[in-house]
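Visitor: One structure follows; several queries about it will come next.
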Amino acid sequence: MKIWNRRLGERINKITEDYFPAFRWRNFRLFFGGQLLTMSGTFMTQQLTIPWLVYDLTKSAWLLGVAGFVQFLPTLLLIPFSGILSDRWSRRDLLMLVQILGISVSLTLTILTFTNWITFPILLVLSVLNGLLKGLDMPVRHTIVTETVDDRADWSNAIALNSVMLSSSLVLGPAIGGILIATLGVKYCILYDTLSYIPAIFTLLAMRLQVRSIQALTSIRDTLQKLQEGFEYVSQFQPIKAILLMLALQGFVGMAHIALMPVFAAKILNGDATTMAHLSTSAPIGSLFACLYLSVRRGIVGLERLIVVAQVLIGMSLISFSLSRQVELSIIILVFTGCFTILQVTSSNMIIQTLVAEDKRGRVMSFYALAMVGTMPFGNLFAGTLADHFGAANALIICGSLIILGALWFSAQLPEVSRWIEQ
């Protein structure tokens with residue numbers, strides 16, 4: 001028995017070293033485990049609980065778009081400055097600050113829902129606070145990943161596994177949320193979110209990261225100068241600029257199905273909160289498959305072509321979802337949508353983090369987060385407005401068509417992007 005256990009352990013270690021080398025590092029294991037739990041609660045609240053509460057209180061697709069706009073607008077304003085902070089301050093301390101503020105906001109929402117004092121205006125205020133935290137969180141979360149592994153050769157694997165963690169959280173959060181809604185009620189979803197911050201705080205405290213040489217900011221003028229340097233670097237580096245433009249298009253129209261999910265769940269598919277939970281879980285399942293593929297893939301050569309293919313398929317999936325009138329078929333389509341979306345987003349992340357200069361990593365990743373998430377408030381408002389005037393199904397057809405047109409433009413940029421990757 002001991003020999004069998006030893007061989008099994010050796011085989012697991014061999015698989016880990018060959019396919020998931022980032023797990024060799026203690027800091028990465030702590031980061032992965034702690035953030036998996038807290039992000040499941042965060043995604044449960046953002047993707048399921050708050051949108052359902054908003055639609056349940058207002059019965060308006062347009063106000064649903066407004067709520068999404070209000071939630072992500074602060075993210076748009078704060079992300080660039082968060083990138084500067086992550087280049088000039090301890091990223092672990094910044095992430096710790098986000099967790100402490102996040103548990104405070106979530107606890108407030110928990111109390112209000114349990115006492116039945118929750119209203120639409122209160123949800124808007126809490127959405128603004130969540131948007132501020134997301135703006136501080138995203139660039140730091142992406143840049144700290146490379147600090148948790150000590151070998152640069154494991155960076156691409158760590159980045160892909162970080163996407164696995166986020167996708168797993170997207171699956172776990174709505175899945176648990178659907179069970180809690182069906183058995184105990186929506187308010188217990190928010191309670192779960194509050195409790196999920198606790199392991200994240202303790203795992204961050206347990207991490208022992210190498211001390212980086214950090215140049216302190218001396219004034220507001222210095223801060224704006226660093227922001228300008230990052231913008232000039234991105235605008236002059238053609239491969240990164242082209243990828244960021246595609247991410248911006250994806251954030252603007254490629255995530256419209258998420259903003260309109262309550263409308264499809266309740267009105268088009270004639271379902272309830274449980275139906276929405278099933279739909280919300282479908283895309284992350286596909287995302288998980290995509291992340292597992294990218295995590296065992298070596299190098300970034302060829303990822304630029306994968307971005308084009310994935311983006312075309314995203315557009316086709318959105319159009320197909322808009323035409324579906326069966327819950328089961330919609331779920332299957334969303335699985336593929338999630339897979340293609342993560343193939344595009346994570347491939348873009350891997351290319352950018354490999355090409356970018358280390359002293360500008362935080363600022364460039366802030367523009368990455370800005371392109372991907374900062375455009376979402378305008379996309380939510382755009383999708384809500386289209387749905388209000390032309391119907392939710394026609395709104396997704398328009399958004400899917402724009403995604404495909406963007407992929408055709410990016411295909412013309414491939415020779416330049418491929419040349420930099422090969423170098």
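Every chain in the structure tokens has a letter given in the order shown (A, B, ...), and although residue numbers restart at 1 in each chain, ligands are simply numbered from 1 in the order shown.
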So that I can check the surroundings of A:Leu205, please list as a ChimeraX atom specification every protein, DNA and RNA residue that reaches within 12 Å of it, counting only C-alpha atoms and ignoring chain neighbours fewer than 2 positions away.
Guide: /A:27,30-31,34,92-93,95-97,99,198-203,207-209
Visitor: Restricting it to C-alpha atoms, dump the selection as a PDB file, in the first residue's frame.
Guide:
```pdb
ATOM      1  CA  ASN A  27       2.685  31.537  -3.135  1.00  0.00           C
ATOM      2  CA  LEU A  30      -2.128  30.128  -1.707  1.00  0.00           C
ATOM      3  CA  PHE A  31      -3.225  32.785  -4.195  1.00  0.00           C
ATOM      4  CA  GLY A  34      -7.951  31.856  -1.564  1.00  0.00           C
ATOM      5  CA  ARG A  92      -0.228  42.120  -2.073  1.00  0.00           C
ATOM      6  CA  ASP A  93      -1.046  45.073   0.204  1.00  0.00           C
ATOM      7  CA  LEU A  95      -5.120  43.262  -2.934  1.00  0.00           C
ATOM      8  CA  MET A  96      -5.486  42.962   0.840  1.00  0.00           C
ATOM      9  CA  LEU A  97      -7.029  46.442   0.946  1.00  0.00           C
ATOM     10  CA  GLN A  99     -10.552  42.317   0.284  1.00  0.00           C
ATOM     11  CA  ILE A 198     -12.325  35.472   4.938  1.00  0.00           C
ATOM     12  CA  PRO A 199     -10.114  32.712   3.382  1.00  0.00           C
ATOM     13  CA  ALA A 200      -8.804  35.195   0.793  1.00  0.00           C
ATOM     14  CA  ILE A 201      -7.588  37.531   3.542  1.00  0.00           C
ATOM     15  CA  PHE A 202      -5.813  34.719   5.423  1.00  0.00           C
ATOM     16  CA  THR A 203      -4.119  33.278   2.325  1.00  0.00           C
ATOM     17  CA  MET A 207       2.095  34.620   1.172  1.00  0.00           C
ATOM     18  CA  ARG A 208       5.812  35.493   1.220  1.00  0.00           C
ATOM     19  CA  LEU A 209       6.642  37.459  -1.908  1.00  0.00           C
TER      20      LEU A 209
END
```
Visitor: A:Arg141: which residues within 12 Å, counting only C-alpha atoms, same-chain residues fewer than 6 positions away excluded, as an MDAnalysis selection string?
Guide: chainID A and resid 31:32 35 39 79 82:83 86 90:96 98:99 133:135 147:148 159 162:163 165:166 204 362 365:366 368:369
Visitor: Per residue of stretch 58-125 of chain A within 10 Å of stretch 241-261 of chain A, which atom pair is closest and at what distance in Å (one decimal), using only C-alpha atoms, listed by chain and increasing number, as a Markdown table?
Guide:
```
| residue | atom | partner | partner_atom | distance |
| --- | --- | --- | --- | --- |
| A:Ala61 | CA | A:Leu260 | CA | 7.3 |
| A:Trp62 | CA | A:Leu260 | CA | 9.5 |
| A:Leu64 | CA | A:Ala259 | CA | 7.4 |
| A:Gly65 | CA | A:Ala259 | CA | 6.5 |
| A:Val66 | CA | A:Ala259 | CA | 9.9 |
| A:Ala67 | CA | A:Ala259 | CA | 9.4 |
| A:Gly68 | CA | A:Ala259 | CA | 6.9 |
| A:Phe69 | CA | A:Ala259 | CA | 9.6 |
```
Visitor: How would the residues just picked look written out with N, CA and C atoms as a PDB file, in the first residue's frame?
Guide:
```
ATOM      1  N   ALA A  61     -35.809  46.393 -18.664  1.00  0.00           N
ATOM      2  CA  ALA A  61     -34.535  46.054 -19.307  1.00  0.00           C
ATOM      3  C   ALA A  61     -33.621  47.275 -19.367  1.00  0.00           C
ATOM      4  N   TRP A  62     -34.236  48.467 -19.556  1.00  0.00           N
ATOM      5  CA  TRP A  62     -33.413  49.670 -19.638  1.00  0.00           C
ATOM      6  C   TRP A  62     -32.752  49.979 -18.290  1.00  0.00           C
ATOM      7  N   LEU A  64     -32.050  47.834 -16.068  1.00  0.00           N
ATOM      8  CA  LEU A  64     -31.033  46.806 -15.900  1.00  0.00           C
ATOM      9  C   LEU A  64     -29.724  47.234 -16.560  1.00  0.00           C
ATOM     10  N   GLY A  65     -29.848  47.833 -17.762  1.00  0.00           N
ATOM     11  CA  GLY A  65     -28.660  48.374 -18.421  1.00  0.00           C
ATOM     12  C   GLY A  65     -28.068  49.541 -17.669  1.00  0.00           C
ATOM     13  N   VAL A  66     -28.920  50.389 -17.097  1.00  0.00           N
ATOM     14  CA  VAL A  66     -28.446  51.527 -16.305  1.00  0.00           C
ATOM     15  C   VAL A  66     -27.677  51.039 -15.079  1.00  0.00           C
ATOM     16  N   ALA A  67     -28.200  49.993 -14.417  1.00  0.00           N
ATOM     17  CA  ALA A  67     -27.522  49.450 -13.242  1.00  0.00           C
ATOM     18  C   ALA A  67     -26.142  48.907 -13.611  1.00  0.00           C
ATOM     19  N   GLY A  68     -26.057  48.228 -14.774  1.00  0.00           N
ATOM     20  CA  GLY A  68     -24.754  47.743 -15.225  1.00  0.00           C
ATOM     21  C   GLY A  68     -23.808  48.883 -15.549  1.00  0.00           C
ATOM     22  N   PHE A  69     -24.345  49.955 -16.138  1.00  0.00           N
ATOM     23  CA  PHE A  69     -23.533  51.131 -16.455  1.00  0.00           C
ATOM     24  C   PHE A  69     -22.998  51.777 -15.180  1.00  0.00           C
TER      25      PHE A  69
END
```
Visitor: Which one of A:Gln353, A:Thr183, A:Gln210, A:Thr275 sits closest to A:Pro139 if you count only C-alpha atoms?
Guide: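 Using only C-alpha atoms, A:Pro139 sits closest to A:Gln353.
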Visitor: Which of these residues is nearest to A:Phe410, using only C-alpha atoms: A:Pro239, A:Gly131, A:Pro21, A:Gly286?
Guide: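 With only C-alpha atoms as the atom set, the closest residue is A:Pro239.
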Visitor: Using only C-alpha atoms, pick whichever of A:Leu161, A:Phe81, A:Ile300, A:Ser169 has the shortest atom-to-atom distance to A:Gln225.
Guide: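 Under the stated criterion, the closest residue is A:Phe81.
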